[in-house]
Structure formats: structure tokens, C-alpha cells
$ cat final.cif   # mmCIF, C-alpha atoms
data_data
#
loop_
_atom_site.label_atom_id
_atom_site.label_comp_id
_atom_site.auth_asym_id
_atom_site.auth_seq_id
_atom_site.Cartn_x
_atom_site.Cartn_y
_atom_site.Cartn_z
CA MET Y 1 10.57 68.17 -35.37
CA ASN Y 2 8.29 65.96 -33.33
CA PRO Y 3 9.37 66.15 -29.62
CA LEU Y 4 9.69 62.38 -29.22
CA LEU Y 5 11.93 62.13 -32.29
CA LEU Y 6 13.92 65.09 -31.03
CA TRP Y 7 14.45 63.39 -27.67
CA PHE Y 8 15.50 60.22 -29.51
CA HIS Y 9 18.10 62.18 -31.48
CA LYS Y 10 19.35 63.80 -28.29
CA LEU Y 11 19.57 60.40 -26.59
CA GLY Y 12 21.87 59.22 -29.37
CA SER Y 13 24.42 61.91 -28.55
CA PRO Y 14 27.15 60.48 -26.26
CA PRO Y 15 27.44 63.43 -23.81
CA TYR Y 16 23.68 63.58 -23.26
CA PHE Y 17 23.46 59.81 -22.80
CA TYR Y 18 26.45 59.85 -20.46
CA ARG Y 19 24.80 62.41 -18.17
CA LEU Y 20 21.36 60.78 -18.31
CA ALA Y 21 22.79 57.31 -17.54
CA GLY Y 22 24.78 58.80 -14.66
CA ARG Y 23 21.59 60.19 -13.13
CA LEU Y 24 19.64 56.93 -13.62
CA LEU Y 25 22.33 54.56 -12.39
CA PRO Y 26 21.94 54.88 -8.58
CA TRP Y 27 18.18 54.24 -8.93
CA LEU Y 28 18.67 51.24 -11.20
CA TRP Y 29 21.26 49.66 -8.89
CA ALA Y 30 19.03 50.27 -5.86
CA LEU Y 31 15.99 48.72 -7.57
CA ALA Y 32 18.05 45.77 -8.83
CA LEU Y 33 19.58 44.99 -5.42
CA ALA Y 34 16.28 45.45 -3.56
CA GLY Y 35 14.47 43.25 -6.09
CA LEU Y 36 17.14 40.54 -5.94
CA ALA Y 37 17.09 40.55 -2.14
CA LEU Y 38 13.29 40.33 -2.02
CA GLY Y 39 13.09 37.68 -4.76
CA LEU Y 40 15.82 35.51 -3.26
CA TYR Y 41 14.35 35.79 0.23
CA GLY Y 42 10.90 34.91 -1.12
CA GLY Y 43 12.25 32.05 -3.19
CA LEU Y 44 14.68 30.53 -0.70
CA PHE Y 45 12.78 31.05 2.57
CA VAL Y 46 9.12 31.93 2.04
CA ALA Y 47 8.04 29.73 -0.89
CA PRO Y 48 6.84 26.26 0.17
CA ARG Y 49 8.74 23.10 -0.81
CA ASP Y 50 7.79 21.27 -3.98
CA TYR Y 51 5.86 18.01 -3.48
CA GLN Y 52 8.29 15.97 -5.59
CA GLN Y 53 11.62 17.79 -5.54
CA GLY Y 54 11.58 19.16 -1.99
CA ASP Y 55 14.01 22.05 -1.55
CA ALA Y 56 15.99 21.27 -4.70
CA PHE Y 57 13.43 23.06 -6.86
CA ARG Y 58 14.50 26.41 -5.37
CA ILE Y 59 17.27 26.64 -7.97
CA ILE Y 60 14.58 27.74 -10.45
CA PHE Y 61 14.54 31.17 -8.77
CA VAL Y 62 18.00 31.72 -10.26
CA HIS Y 63 17.89 29.40 -13.26
CA VAL Y 64 14.65 30.54 -14.89
CA PRO Y 65 15.18 34.35 -14.63
CA CYS Y 66 18.72 33.90 -16.01
CA ALA Y 67 17.38 31.79 -18.88
CA TRP Y 68 14.82 34.49 -19.70
CA MET Y 69 17.53 37.15 -19.51
CA SER Y 70 19.83 35.18 -21.82
CA LEU Y 71 17.16 35.50 -24.54
CA PHE Y 72 16.13 39.06 -23.63
CA VAL Y 73 19.70 40.40 -23.65
CA TYR Y 74 20.41 38.70 -26.96
CA PHE Y 75 17.34 40.31 -28.51
CA PHE Y 76 18.43 43.69 -27.12
CA MET Y 77 21.94 43.19 -28.51
CA ALA Y 78 20.69 42.13 -31.95
CA ALA Y 79 18.18 45.01 -32.14
CA ASN Y 80 20.92 47.52 -31.32
CA GLY Y 81 23.16 45.74 -33.82
CA PHE Y 82 20.50 46.25 -36.47
CA ILE Y 83 20.29 49.98 -35.71
CA ALA Y 84 24.09 50.18 -35.70
CA LEU Y 85 24.32 48.51 -39.12
CA VAL Y 86 21.63 50.57 -40.83
CA TRP Y 87 21.86 53.99 -39.17
CA ARG Y 88 25.48 53.80 -37.88
CA ILE Y 89 24.49 55.28 -34.52
CA LYS Y 90 27.53 55.22 -32.27
CA LEU Y 91 25.47 54.74 -29.12
CA SER Y 92 23.78 51.60 -30.52
CA GLU Y 93 27.16 50.06 -31.33
CA THR Y 94 28.30 50.78 -27.78
CA LEU Y 95 25.11 49.40 -26.21
CA ALA Y 96 25.18 46.21 -28.31
CA MET Y 97 28.81 45.50 -27.44
CA ALA Y 98 28.33 46.38 -23.76
CA ALA Y 99 25.39 43.95 -23.57
CA ALA Y 100 27.29 40.92 -24.93
CA PRO Y 101 29.35 39.98 -21.82
CA ILE Y 102 26.31 40.52 -19.55
CA GLY Y 103 24.22 38.20 -21.72
CA ALA Y 104 27.03 35.66 -21.81
CA ALA Y 105 27.16 35.72 -18.00
CA PHE Y 106 23.38 35.15 -17.73
CA THR Y 107 23.60 32.27 -20.23
CA PHE Y 108 26.50 30.71 -18.34
CA ILE Y 109 24.64 30.93 -15.01
CA CYS Y 110 21.59 29.38 -16.66
CA LEU Y 111 23.61 26.44 -18.02
CA ALA Y 112 25.55 25.94 -14.78
CA THR Y 113 22.52 26.00 -12.46
CA GLY Y 114 20.60 23.75 -14.85
CA SER Y 115 23.46 21.28 -14.81
CA ILE Y 116 23.67 21.32 -10.99
CA TRP Y 117 19.91 20.67 -10.80
CA GLY Y 118 20.01 18.05 -13.56
CA LYS Y 119 22.46 15.74 -11.81
CA PRO Y 120 20.25 14.81 -8.83
CA MET Y 121 16.86 15.25 -10.58
CA TRP Y 122 17.40 13.84 -14.07
CA GLY Y 123 20.43 11.73 -13.21
CA THR Y 124 22.85 13.48 -15.57
CA TRP Y 125 24.88 16.69 -15.72
CA TRP Y 126 24.31 17.15 -19.40
CA THR Y 127 22.36 15.63 -22.26
CA TRP Y 128 22.26 16.66 -25.91
CA ASP Y 129 18.57 17.45 -26.09
CA ALA Y 130 17.30 20.34 -28.21
CA ARG Y 131 16.81 22.87 -25.36
CA LEU Y 132 20.20 22.31 -23.76
CA THR Y 133 22.06 22.24 -27.08
CA SER Y 134 20.42 25.41 -28.44
CA GLU Y 135 21.14 27.25 -25.16
CA LEU Y 136 24.79 26.17 -25.45
CA VAL Y 137 24.82 27.50 -29.04
CA LEU Y 138 23.49 30.79 -27.62
CA LEU Y 139 26.48 30.95 -25.25
CA PHE Y 140 28.85 30.31 -28.17
CA LEU Y 141 27.13 33.08 -30.15
CA TYR Y 142 27.73 35.51 -27.29
CA LEU Y 143 31.36 34.40 -27.05
CA GLY Y 144 31.71 34.75 -30.83
CA VAL Y 145 30.37 38.31 -30.71
CA ILE Y 146 32.75 39.23 -27.86
CA GLY Y 147 35.67 37.55 -29.61
CA LEU Y 148 35.02 39.18 -32.97
CA TYR Y 149 34.66 42.61 -31.35
CA HIS Y 150 38.07 42.30 -29.73
CA ALA Y 151 39.78 40.78 -32.78
CA ILE Y 152 39.48 43.96 -34.89
CA GLU Y 153 41.62 47.00 -34.11
CA ASP Y 154 39.23 49.80 -35.12
CA ARG Y 155 36.50 50.01 -32.44
CA ARG Y 156 33.70 51.13 -34.73
CA GLN Y 157 34.45 48.62 -37.50
CA ALA Y 158 34.77 45.91 -34.86
CA ALA Y 159 31.40 46.82 -33.39
CA ARG Y 160 29.69 46.65 -36.79
CA ALA Y 161 31.25 43.29 -37.68
CA ALA Y 162 30.23 41.84 -34.31
CA ALA Y 163 26.76 43.41 -34.63
CA PHE Y 164 26.32 41.55 -37.90
CA LEU Y 165 27.17 38.24 -36.24
CA ALA Y 166 24.77 39.07 -33.39
CA LEU Y 167 22.01 39.85 -35.90
CA ILE Y 168 22.46 36.57 -37.80
CA GLY Y 169 22.45 34.64 -34.53
CA ILE Y 170 18.96 35.92 -33.70
CA VAL Y 171 17.49 32.92 -35.56
CA ASN Y 172 18.58 30.85 -32.57
CA LEU Y 173 16.18 32.65 -30.20
CA PRO Y 174 12.93 31.00 -31.39
CA ILE Y 175 14.77 27.67 -31.53
CA VAL Y 176 15.76 27.98 -27.85
CA HIS Y 177 12.27 29.08 -26.84
CA PHE Y 178 10.21 26.56 -28.82
CA SER Y 179 12.64 23.61 -28.70
CA VAL Y 180 10.65 21.99 -25.88
CA ASN Y 181 7.46 22.12 -28.00
CA TRP Y 182 8.97 21.17 -31.37
CA TRP Y 183 11.00 18.18 -30.24
CA ASN Y 184 10.78 15.49 -27.63
CA THR Y 185 13.24 16.81 -25.06
CA LEU Y 186 14.36 15.80 -21.60
CA HIS Y 187 13.93 19.42 -20.53
CA GLN Y 188 10.37 20.13 -19.36
CA GLY Y 189 8.06 22.55 -21.17
CA SER Y 190 7.29 26.11 -20.08
CA THR Y 191 5.82 26.47 -16.59
CA VAL Y 192 5.09 30.18 -16.62
CA LYS Y 193 2.82 31.09 -19.49
CA LEU Y 194 2.12 34.55 -20.86
CA PHE Y 195 -1.29 33.43 -22.08
CA GLY Y 196 -3.34 31.14 -19.85
CA PRO Y 197 -2.73 30.00 -16.29
CA SER Y 198 0.81 29.16 -15.15
CA LEU Y 199 1.55 25.64 -13.92
CA ILE Y 200 3.05 26.83 -10.67
CA ASP Y 201 1.50 27.67 -7.32
CA ALA Y 202 0.99 31.41 -6.65
CA ARG Y 203 3.20 31.23 -3.53
CA MET Y 204 6.07 30.03 -5.74
CA LEU Y 205 5.23 32.32 -8.65
CA TRP Y 206 5.63 35.74 -7.02
CA PRO Y 207 9.32 35.31 -6.05
CA LEU Y 208 9.99 34.04 -9.57
CA LEU Y 209 8.39 37.09 -11.17
CA THR Y 210 10.16 39.38 -8.68
CA MET Y 211 13.46 37.84 -9.73
CA ALA Y 212 12.52 38.29 -13.39
CA VAL Y 213 11.93 42.02 -12.86
CA ALA Y 214 15.03 42.39 -10.64
CA THR Y 215 17.29 40.79 -13.26
CA LYS Y 216 15.97 43.30 -15.82
CA PHE Y 217 17.07 46.15 -13.53
CA LEU Y 218 20.39 44.39 -12.91
CA PHE Y 219 20.91 44.20 -16.67
CA ALA Y 220 19.97 47.86 -17.17
CA ALA Y 221 22.31 48.98 -14.39
CA SER Y 222 25.27 46.87 -15.61
CA LEU Y 223 24.62 47.92 -19.21
CA LEU Y 224 24.57 51.65 -18.48
CA SER Y 225 27.67 51.40 -16.27
CA ARG Y 226 29.57 49.56 -19.00
CA ALA Y 227 28.30 51.83 -21.78
CA ARG Y 228 29.41 54.98 -19.92
CA VAL Y 229 32.98 53.70 -19.64
CA ASP Y 230 32.98 52.57 -23.28
CA LEU Y 231 31.70 55.96 -24.44
CA LEU Y 232 34.46 57.80 -22.53
CA GLU Y 233 37.03 55.54 -24.18
CA LEU Y 234 35.51 55.84 -27.65
CA GLU Y 235 35.21 59.62 -27.42
CA SER Y 236 38.49 60.30 -25.59
CA GLY Y 237 39.97 63.52 -26.91
CA LYS Y 238 36.59 65.12 -27.51
CA ASP Y 239 35.70 68.26 -25.60
CA TRP Y 240 32.96 66.81 -23.39
CA VAL Y 241 35.24 63.99 -22.22
CA ARG Y 242 38.05 66.44 -21.52
CA GLN Y 243 35.65 68.51 -19.40
CA ILE Y 244 34.66 65.45 -17.37
CA ALA Y 245 38.29 64.43 -16.97
CA LEU Y 246 39.23 67.94 -15.78
CA ALA Y 247 36.30 68.03 -13.36
CA GLU Y 248 37.36 64.68 -11.90
CA GLU Y 249 41.06 65.54 -11.57
CA PRO Y 250 41.05 67.64 -8.36
CA ARG Y 251 39.19 64.87 -6.56
CA ALA Y 252 41.73 62.17 -7.49
CA MET D 1 15.50 58.41 -45.03
CA ASN D 2 18.57 59.05 -47.19
CA PRO D 3 19.38 56.58 -50.00
CA THR D 4 22.47 55.05 -48.32
CA ARG D 5 20.53 54.17 -45.18
CA LYS D 6 17.62 52.88 -47.23
CA ARG D 7 19.97 50.61 -49.19
CA ARG D 8 21.59 49.35 -45.99
CA LEU D 9 18.16 48.73 -44.44
CA ILE D 10 17.08 46.66 -47.46
CA VAL D 11 20.35 44.67 -47.62
CA VAL D 12 20.37 43.88 -43.90
CA SER D 13 16.67 42.94 -43.94
CA LEU D 14 17.15 40.67 -46.95
CA ILE D 15 20.08 38.87 -45.33
CA LEU D 16 18.08 38.48 -42.11
CA GLY D 17 15.10 37.12 -44.06
CA ALA D 18 17.29 34.64 -45.95
CA VAL D 19 18.91 33.39 -42.74
CA GLY D 20 15.46 33.10 -41.16
CA ILE D 21 14.16 30.96 -44.03
CA ALA D 22 17.28 28.78 -43.95
CA ALA D 23 16.84 28.24 -40.20
CA THR D 24 13.13 27.41 -40.61
CA LEU D 25 13.89 24.81 -43.28
CA THR D 26 16.61 23.30 -41.09
CA VAL D 27 14.21 23.08 -38.14
CA PHE D 28 11.59 21.35 -40.32
CA ALA D 29 14.19 18.94 -41.71
CA LEU D 30 15.43 18.11 -38.23
CA GLN D 31 11.92 17.43 -36.98
CA GLN D 32 11.98 13.97 -38.55
CA ASN D 33 15.55 13.22 -37.51
CA MET D 34 15.74 14.55 -34.00
CA THR D 35 13.81 11.89 -32.16
CA TYR D 36 15.28 12.07 -28.71
CA LEU D 37 13.46 8.91 -27.63
CA TYR D 38 11.29 5.99 -28.73
CA THR D 39 8.24 4.75 -26.83
CA PRO D 40 7.54 1.04 -26.23
CA VAL D 41 4.85 0.91 -28.92
CA GLU D 42 7.32 2.25 -31.49
CA VAL D 43 9.97 -0.27 -30.42
CA LEU D 44 7.53 -3.20 -30.63
CA GLY D 45 6.34 -1.85 -34.00
CA GLY D 46 9.86 -2.33 -35.35
CA LYS D 47 10.80 1.34 -35.76
CA VAL D 48 14.18 0.79 -34.10
CA PRO D 49 16.87 -1.18 -35.98
CA ALA D 50 18.00 -4.35 -34.18
CA ASP D 51 21.09 -4.02 -31.94
CA ALA D 52 20.84 -0.23 -32.10
CA ARG D 53 21.52 1.80 -29.00
CA PHE D 54 18.57 4.10 -28.41
CA ARG D 55 16.58 5.94 -25.77
CA LEU D 56 13.38 4.42 -24.47
CA GLY D 57 10.87 6.80 -22.94
CA GLY D 58 7.66 6.27 -20.99
CA MET D 59 6.12 6.01 -17.54
CA VAL D 60 7.25 3.57 -14.88
CA LYS D 61 4.29 1.22 -14.41
CA ALA D 62 2.86 1.22 -10.88
CA GLY D 63 3.90 -1.81 -8.85
CA SER D 64 6.45 -2.99 -11.41
CA ILE D 65 9.67 -1.97 -9.61
CA GLU D 66 11.72 -4.94 -8.37
CA ARG D 67 15.01 -4.33 -6.58
CA ALA D 68 17.64 -7.03 -6.11
CA SER D 69 18.54 -7.46 -2.45
CA ASP D 70 22.29 -8.02 -3.02
CA SER D 71 23.14 -5.47 -5.72
CA LEU D 72 22.03 -2.21 -7.37
CA ARG D 73 20.17 -4.16 -10.05
CA ILE D 74 16.61 -3.01 -10.60
CA GLY D 75 13.88 -4.15 -12.92
CA PHE D 76 10.79 -2.19 -13.90
CA THR D 77 8.26 -1.89 -16.70
CA VAL D 78 8.00 1.17 -18.92
CA THR D 79 4.61 1.87 -20.42
CA ASP D 80 3.31 4.46 -22.89
CA GLY D 81 -0.32 3.55 -22.39
CA ASP D 82 -0.44 1.34 -25.49
CA ALA D 83 2.46 -1.05 -24.93
CA GLU D 84 4.83 -2.14 -22.18
CA MET D 85 8.51 -2.96 -22.10
CA PRO D 86 10.49 -4.62 -19.29
CA VAL D 87 13.68 -2.72 -18.44
CA GLU D 88 16.74 -3.85 -16.48
CA TYR D 89 19.28 -1.47 -15.01
CA THR D 90 22.21 -1.62 -12.60
CA GLY D 91 23.30 1.62 -10.96
CA ILE D 92 22.20 4.69 -9.06
CA LEU D 93 18.81 6.13 -9.98
CA PRO D 94 17.94 9.86 -10.03
CA ASP D 95 15.90 11.37 -7.17
CA LEU D 96 12.78 11.72 -9.27
CA PHE D 97 12.66 8.03 -10.22
CA ARG D 98 9.48 6.48 -8.84
CA GLU D 99 6.30 4.77 -9.95
CA LYS D 100 4.22 6.66 -12.50
CA GLN D 101 7.16 8.98 -13.26
CA SER D 102 8.36 9.65 -16.81
CA VAL D 103 11.79 8.14 -17.41
CA ILE D 104 14.21 7.98 -20.31
CA ALA D 105 16.45 4.91 -20.40
CA THR D 106 19.44 4.56 -22.75
CA GLY D 107 20.50 1.07 -23.79
CA THR D 108 19.89 -1.82 -26.17
CA MET D 109 17.33 -4.58 -26.62
CA GLN D 110 18.47 -7.99 -25.42
CA GLY D 111 15.83 -10.52 -26.37
CA ASN D 112 12.55 -8.93 -25.38
CA ARG D 113 14.05 -6.99 -22.49
CA PHE D 114 15.61 -3.53 -22.67
CA VAL D 115 18.93 -3.40 -20.84
CA ALA D 116 19.68 0.19 -19.85
CA SER D 117 23.09 1.69 -19.15
CA GLU D 118 21.61 5.00 -18.02
CA VAL D 119 18.23 5.93 -16.58
CA LEU D 120 17.11 9.59 -16.53
CA ALA D 121 13.96 10.91 -14.89
CA LYS D 122 11.97 13.53 -16.79
CA HIS D 123 10.47 16.30 -14.73
CA ASP D 124 7.16 17.84 -15.80
CA GLU D 125 6.40 21.56 -15.77
CA ASN D 126 4.21 21.48 -12.65
CA TYR D 127 5.40 22.93 -9.37
CA VAL D 128 3.08 22.19 -6.46
CA PRO D 129 3.66 22.82 -2.74
CA ARG D 130 3.50 19.66 -0.63
CA ASP D 131 0.43 20.74 1.38
CA VAL D 132 -1.50 21.43 -1.85
CA ALA D 133 -0.47 18.04 -3.27
CA GLU D 134 -1.68 16.33 -0.09
CA ALA D 135 -4.95 18.25 -0.10
CA MET D 136 -5.49 17.25 -3.72
CA ALA D 137 -4.69 13.63 -2.94
CA ASN D 138 -7.19 13.67 -0.05
CA ALA D 139 -9.87 15.24 -2.21
CA HIS D 140 -9.23 12.59 -4.87
CA LYS D 141 -9.58 9.88 -2.23
CA LYS D 142 -12.82 11.39 -0.94
CA HIS D 143 -14.35 11.61 -4.38
CA ALA D 144 -12.96 8.21 -5.43
CA VAL D 145 -10.91 9.45 -8.39
CA PRO D 146 -9.08 6.54 -10.04
CA GLU D 147 -5.49 5.90 -8.95
CA ALA D 148 -3.84 7.10 -12.15
CA ALA D 149 -5.13 10.68 -11.87
CA LYS D 150 -3.79 11.20 -8.38
CA PRO D 151 -0.63 13.26 -7.81
CA GLU D 152 1.85 11.42 -5.68
CA ALA D 153 2.95 12.72 -2.29
CA LYS D 154 6.50 11.78 -1.34
#
$ encode --input "final.cif" --output "C-alpha cells"
Amino acid sequence: MNPLLLWFHKLGSPPYFYRLAGRLLPWLWALALAGLALGLYGGLFVAPRDYQQGDAFRIIFVHVPCAWMSLFVYFFMAANGFIALVWRIKLSETLAMAAAPIGAAFTFICLATGSIWGKPMWGTWWTWDARLTSELVLLFLYLGVIGLYHAIEDRRQAARAAAFLALIGIVNLPIVHFSVNWWNTLHQGSTVKLFGPSLIDARMLWPLLTMAVATKFLFAASLLSRARVDLLELESGKDWVRQIALAEEPRA
Amino acid sequence: MNPTRKRRLIVVSLILGAVGIAATLTVFALQQNMTYLYTPVEVLGGKVPADARFRLGGMVKAGSIERASDSLRIGFTVTDGDAEMPVEYTGILPDLFREKQSVIATGTMQGNRFVASEVLAKHDENYVPRDVAEAMANAHKKHAVPEAAKPEAK
């Protein structure tokens, strides 16, 4: 078998993943915390004030990375849901379900910080424009996935049912992203562009990108921590879990 | 790939494709319906039914803001470049409200004036440090760029 495929098969085995995640976790947490500290310091203290909004614009250093993560985590969850539905890989079910609450948290932070910024800048906490409404639908999708997962007794059946909902909900992602181009919204268009120059000064851009990378590490670290616990629960009674439990016992 | 997985792959992909097409059609259908705002030229062109409550969007015309001295009443003109519309509003305005700023006012037409019950300021996607904005404004002044193209310093 091709070595990459072999590694992929090995990764799908819960004991191997559990050990690998355990080794990666301290690094991921360290990178996440260092990145967050650097990004927040750069955004809140180093970046210059905006010519129109003054200091109030600094909320974008939290709002924008969280908004990006709300889409990224959903895509991750739906992709794992797809693998779980077709190939029935236990690890993918676990990863998809472990990602849902993290994504919901990012979405909630995005909506809350946007609302706090919107009151002084726009003059309203909330308006039913396409971007805000589709982001709210995204939060409801996350909550629906979490709710469905916990409503069914059998863990594996629950994960597959919730994965299906997550997969269907993926149609909302392009709507969230392109809503500001397709419709006339109160929310402004994209500032940071993948293709072409960004509409933000370089001194404001670097903390924003640092935060974007740091939130990715934060997600990876939270995801692996959650998935390890879920795997122990799902596989309780199996030999490898019993070995870990026995190894932990003398310390407790 | 074994036949069960292949069948599942096809079924899941078909469902996903069907949902995708349904969503695309919905988005296209909504495109005509989801007008968040009307501009003055559309209002004067009769696109808004009489007595309807709607959102009016456009730029605040430079030099058109008039504040009452004894109340929070304010009058200003909203322009979209082609047409203008006088707006009246009583209340607290958002921080970003100023001349040459995009605003969205909700209210009704009363005669030929638009009486707003809510005024929102629209922010654009540009983030510029104050010193850069000032430098740009100075450069514009030096090279005599017309007023409208100049970014405003607070």
C-alpha cells in the first residue's frame, strides 16, 4: 500500500490518533496562545487608529477572525460529516461532532462583537440584512447539529444523523460569504482580499492576519482536546482505553 | 471502493447536488425581492408604492445638514448622484453620520420630504490610519483634486 494511504488508515484508528493528538496538543496550545497574545497586542496597542472610527475599529481584530472561523469550522465539520456518511469512519464522526460547539462559539462571538460595534457605528444593534441574517442562520445550523447529536441515544447513529444535517447546511456558506456582493446590505463588503490588494493599511493588516492564524491553532487545539475525550468515551471498554485508564490510576 | 460505499457516495452526492441547486434557485429568486434599500432616483421614478415604509439609501450631500437649535431635529439631503431627496429626522445619530457618508434612513414619504424614524450609517470596507488619511488629504489639496474625491479627516 502507498505510504501516504497507509498513514491515513493508521490515523483513522482511535488509539493511534489519541496518542498523536496527545503529542501535538502542547505545541498547538502554545502556538495558539502566543499567536493570540501577539495579535491582540498588535491590534489593540500597536495598530494606528482609524481615520473615521477612531479606536472603535479595533473590534475587527476579534470580529473578523471569528467570522472567518465560523465558516472554516463549518466547512471542516461538513467535510468530516461527508466522510462519516460515506465511509463510516469513527474518527470523522468524532471530529465533526467535536467541532460543532467550537464553531458555534466562534459564530456567537462574531455576532455579539458585530452587534456591539454596530450600535455606535451604524446606529443599531441588529438589522435584517442578508449578511447578518445568513450568519444567524449559520449559528442556528450549529445549534441544530449539536441538538440533534444529543437527541439520539446511540452515539454513532446520532453522529451520522447530525452529520447529514451539517452536510445539507453547507449551502449556507457561499450565501454568508457572497451576501455582501449579491445584495445591497448594510454590512460592508470584504476588506481583506485573497486576490488583489486589501483595502486596509499594512500596519492594521498584520495583527488581523496573526489573529486569523492564531484562531486556526486555537481551533485545532480545542478540537483535538475534545476529540480525545470523546474517543475515550466512545471506545470505553476496549483494551487500549483500559490500558490508559490503568496507567492513569496510580497518579490519581 | 466496495459497492456499499460507492452507493452511499452517489446517494450523498446527489442529495448535496439537489440541495445546492435548490439553494441557487432560491438565491436567484430572492435577488429581485431582497432590495434592502431604494435610492432617491428610484423613489422619484415611482418604484416605491405611496405610503409604504421603506429604506432610503444614499450619500449625505455636503453642506446640507441643518440642525434645529432647540431639539434633536435634523434635516439633510440624501443624494445618489442622479437625484436628491430631503430627509427629516428627530433622534440620536450614529457616530459615522457626517457629510458625504453613506446612510440608510427608514421611514415614509410625506409630501416630497422623506420623514425618517431611524437613520443608520453605512461603513465602507476601507480602513485607513489617521496620519495616512491626513497625508492623502494634504496631497489632494496640493494637487487640487476636486472636493468629492478627498477622504475626510475627523
$ residues_around --input "final.cif" --residues "range 108-115 of chain Y" --least-positions-apart "5" --cutoff "7 Å" --atoms "all atoms listed in the file" --output "list in words"
Ile59, His63, Cys66, Ala67, Trp125, Trp126 and Leu139 of chain Y
$ write_last_selection --input "final.cif" --atoms "C-alpha atoms" --output "compact mmCIF listing (two decimals), in the frame of the given file"
# COMPACT_ATOMS: atom_id res chain seq x y z
CA ILE Y 59 17.27 26.64 -7.97
CA HIS Y 63 17.89 29.40 -13.26
CA CYS Y 66 18.72 33.90 -16.01
CA ALA Y 67 17.38 31.79 -18.88
CA TRP Y 125 24.88 16.69 -15.72
CA TRP Y 126 24.31 17.15 -19.40
CA LEU Y 139 26.48 30.95 -25.25
$ interface_residues --input "final.cif" --of "chain D" --to "chain Y" --cutoff "8 Å" --atoms "all atoms listed in the file" --output "PyMOL selection string"
chain D and resi 5-6+8-9+12+16+19-20+23+31+34-37+93-96+104+119-131+133+152-154
$ closest_residue --input "final.cif" --among "Y:Leu91, Y:Ala79, Y:Leu194, Y:Ala221" --to "Pro15 in chain Y" --atoms "all atoms listed in the file"
Y:Leu91
$ resolve_selection --input "final.cif" --expression "the PyMOL selection byres ((chain D and resi 101) around 6)" --output "mmCIF file with C-alpha atoms, in the coordinates of the input"
data_model
loop_
_atom_site.group_PDB
_atom_site.id
_atom_site.type_symbol
_atom_site.label_atom_id
_atom_site.label_comp_id
_atom_site.auth_asym_id
_atom_site.auth_seq_id
_atom_site.Cartn_x
_atom_site.Cartn_y
_atom_site.Cartn_z
ATOM 1 C CA MET D 59 6.120 6.010 -17.540
ATOM 2 C CA VAL D 60 7.250 3.570 -14.880
ATOM 3 C CA ARG D 98 9.480 6.480 -8.840
ATOM 4 C CA GLU D 99 6.300 4.770 -9.950
ATOM 5 C CA LYS D 100 4.220 6.660 -12.500
ATOM 6 C CA SER D 102 8.360 9.650 -16.810
#
$ atom_distance --input "final.cif" --atom1 "CA of Phe76 in chain Y" --atom2 "CA of Gly103 in chain Y"
9.6 Å
$ closest_residue --input "final.cif" --among "Y:Leu44, Y:Leu223, Y:Ala99, Y:Leu165" --to "Ile60 in chain Y" --atoms "only C-alpha atoms"
Y:Leu44
$ atom_distance --input "final.cif" --atom1 "CA of Ala162 in chain Y" --atom2 "CA of Trp68 in chain Y"
22.5 Å
$ resolve_selection --input "final.cif" --expression "the PyMOL selection byres ((chain Y and resi 146) around 10)" --output "ChimeraX atom specification"
/Y:97-101,104,140-145,147-151,158-159,162-163,166
$ closest_residue --input "final.cif" --among "Y:Ala105, Y:Leu138, Y:Val180, Y:Leu33" --to "Phe75 in chain Y" --atoms "all atoms listed in the file"
Y:Leu138
$ decode --input "final.cif" --residues "range 95-107 of chain D" --atoms "N, CA and C atoms" --output "compact mmCIF listing (two decimals), in the first residue's frame"
# COMPACT_ATOMS: atom_id res chain seq x y z
N ASP D 95 -22.39 57.43 15.16
CA ASP D 95 -21.09 58.11 15.13
C ASP D 95 -20.61 58.43 13.72
N LEU D 96 -20.90 57.53 12.80
CA LEU D 96 -20.35 57.69 11.46
C LEU D 96 -21.15 58.67 10.60
N PHE D 97 -22.26 59.21 11.14
CA PHE D 97 -23.06 60.13 10.34
C PHE D 97 -22.31 61.44 10.15
N ARG D 98 -22.08 61.80 8.89
CA ARG D 98 -21.45 63.07 8.57
C ARG D 98 -21.66 63.34 7.09
N GLU D 99 -21.21 64.49 6.64
CA GLU D 99 -21.34 64.82 5.22
C GLU D 99 -20.59 63.81 4.37
N LYS D 100 -21.13 63.53 3.21
CA LYS D 100 -20.51 62.62 2.24
C LYS D 100 -20.35 61.19 2.78
N GLN D 101 -21.20 60.82 3.75
CA GLN D 101 -21.18 59.47 4.30
C GLN D 101 -22.43 58.74 3.81
N SER D 102 -22.30 57.47 3.49
CA SER D 102 -23.48 56.68 3.09
C SER D 102 -24.38 56.48 4.30
N VAL D 103 -25.68 56.74 4.11
CA VAL D 103 -26.63 56.50 5.19
C VAL D 103 -27.82 55.70 4.65
N ILE D 104 -28.51 55.05 5.57
CA ILE D 104 -29.73 54.34 5.23
C ILE D 104 -30.79 54.80 6.21
N ALA D 105 -31.82 55.47 5.70
CA ALA D 105 -32.88 56.01 6.54
C ALA D 105 -34.15 55.20 6.32
N THR D 106 -34.83 54.83 7.44
CA THR D 106 -36.10 54.11 7.34
C THR D 106 -37.22 55.07 7.67
N GLY D 107 -38.27 55.08 6.84
CA GLY D 107 -39.38 55.98 7.11
C GLY D 107 -40.35 56.00 5.95
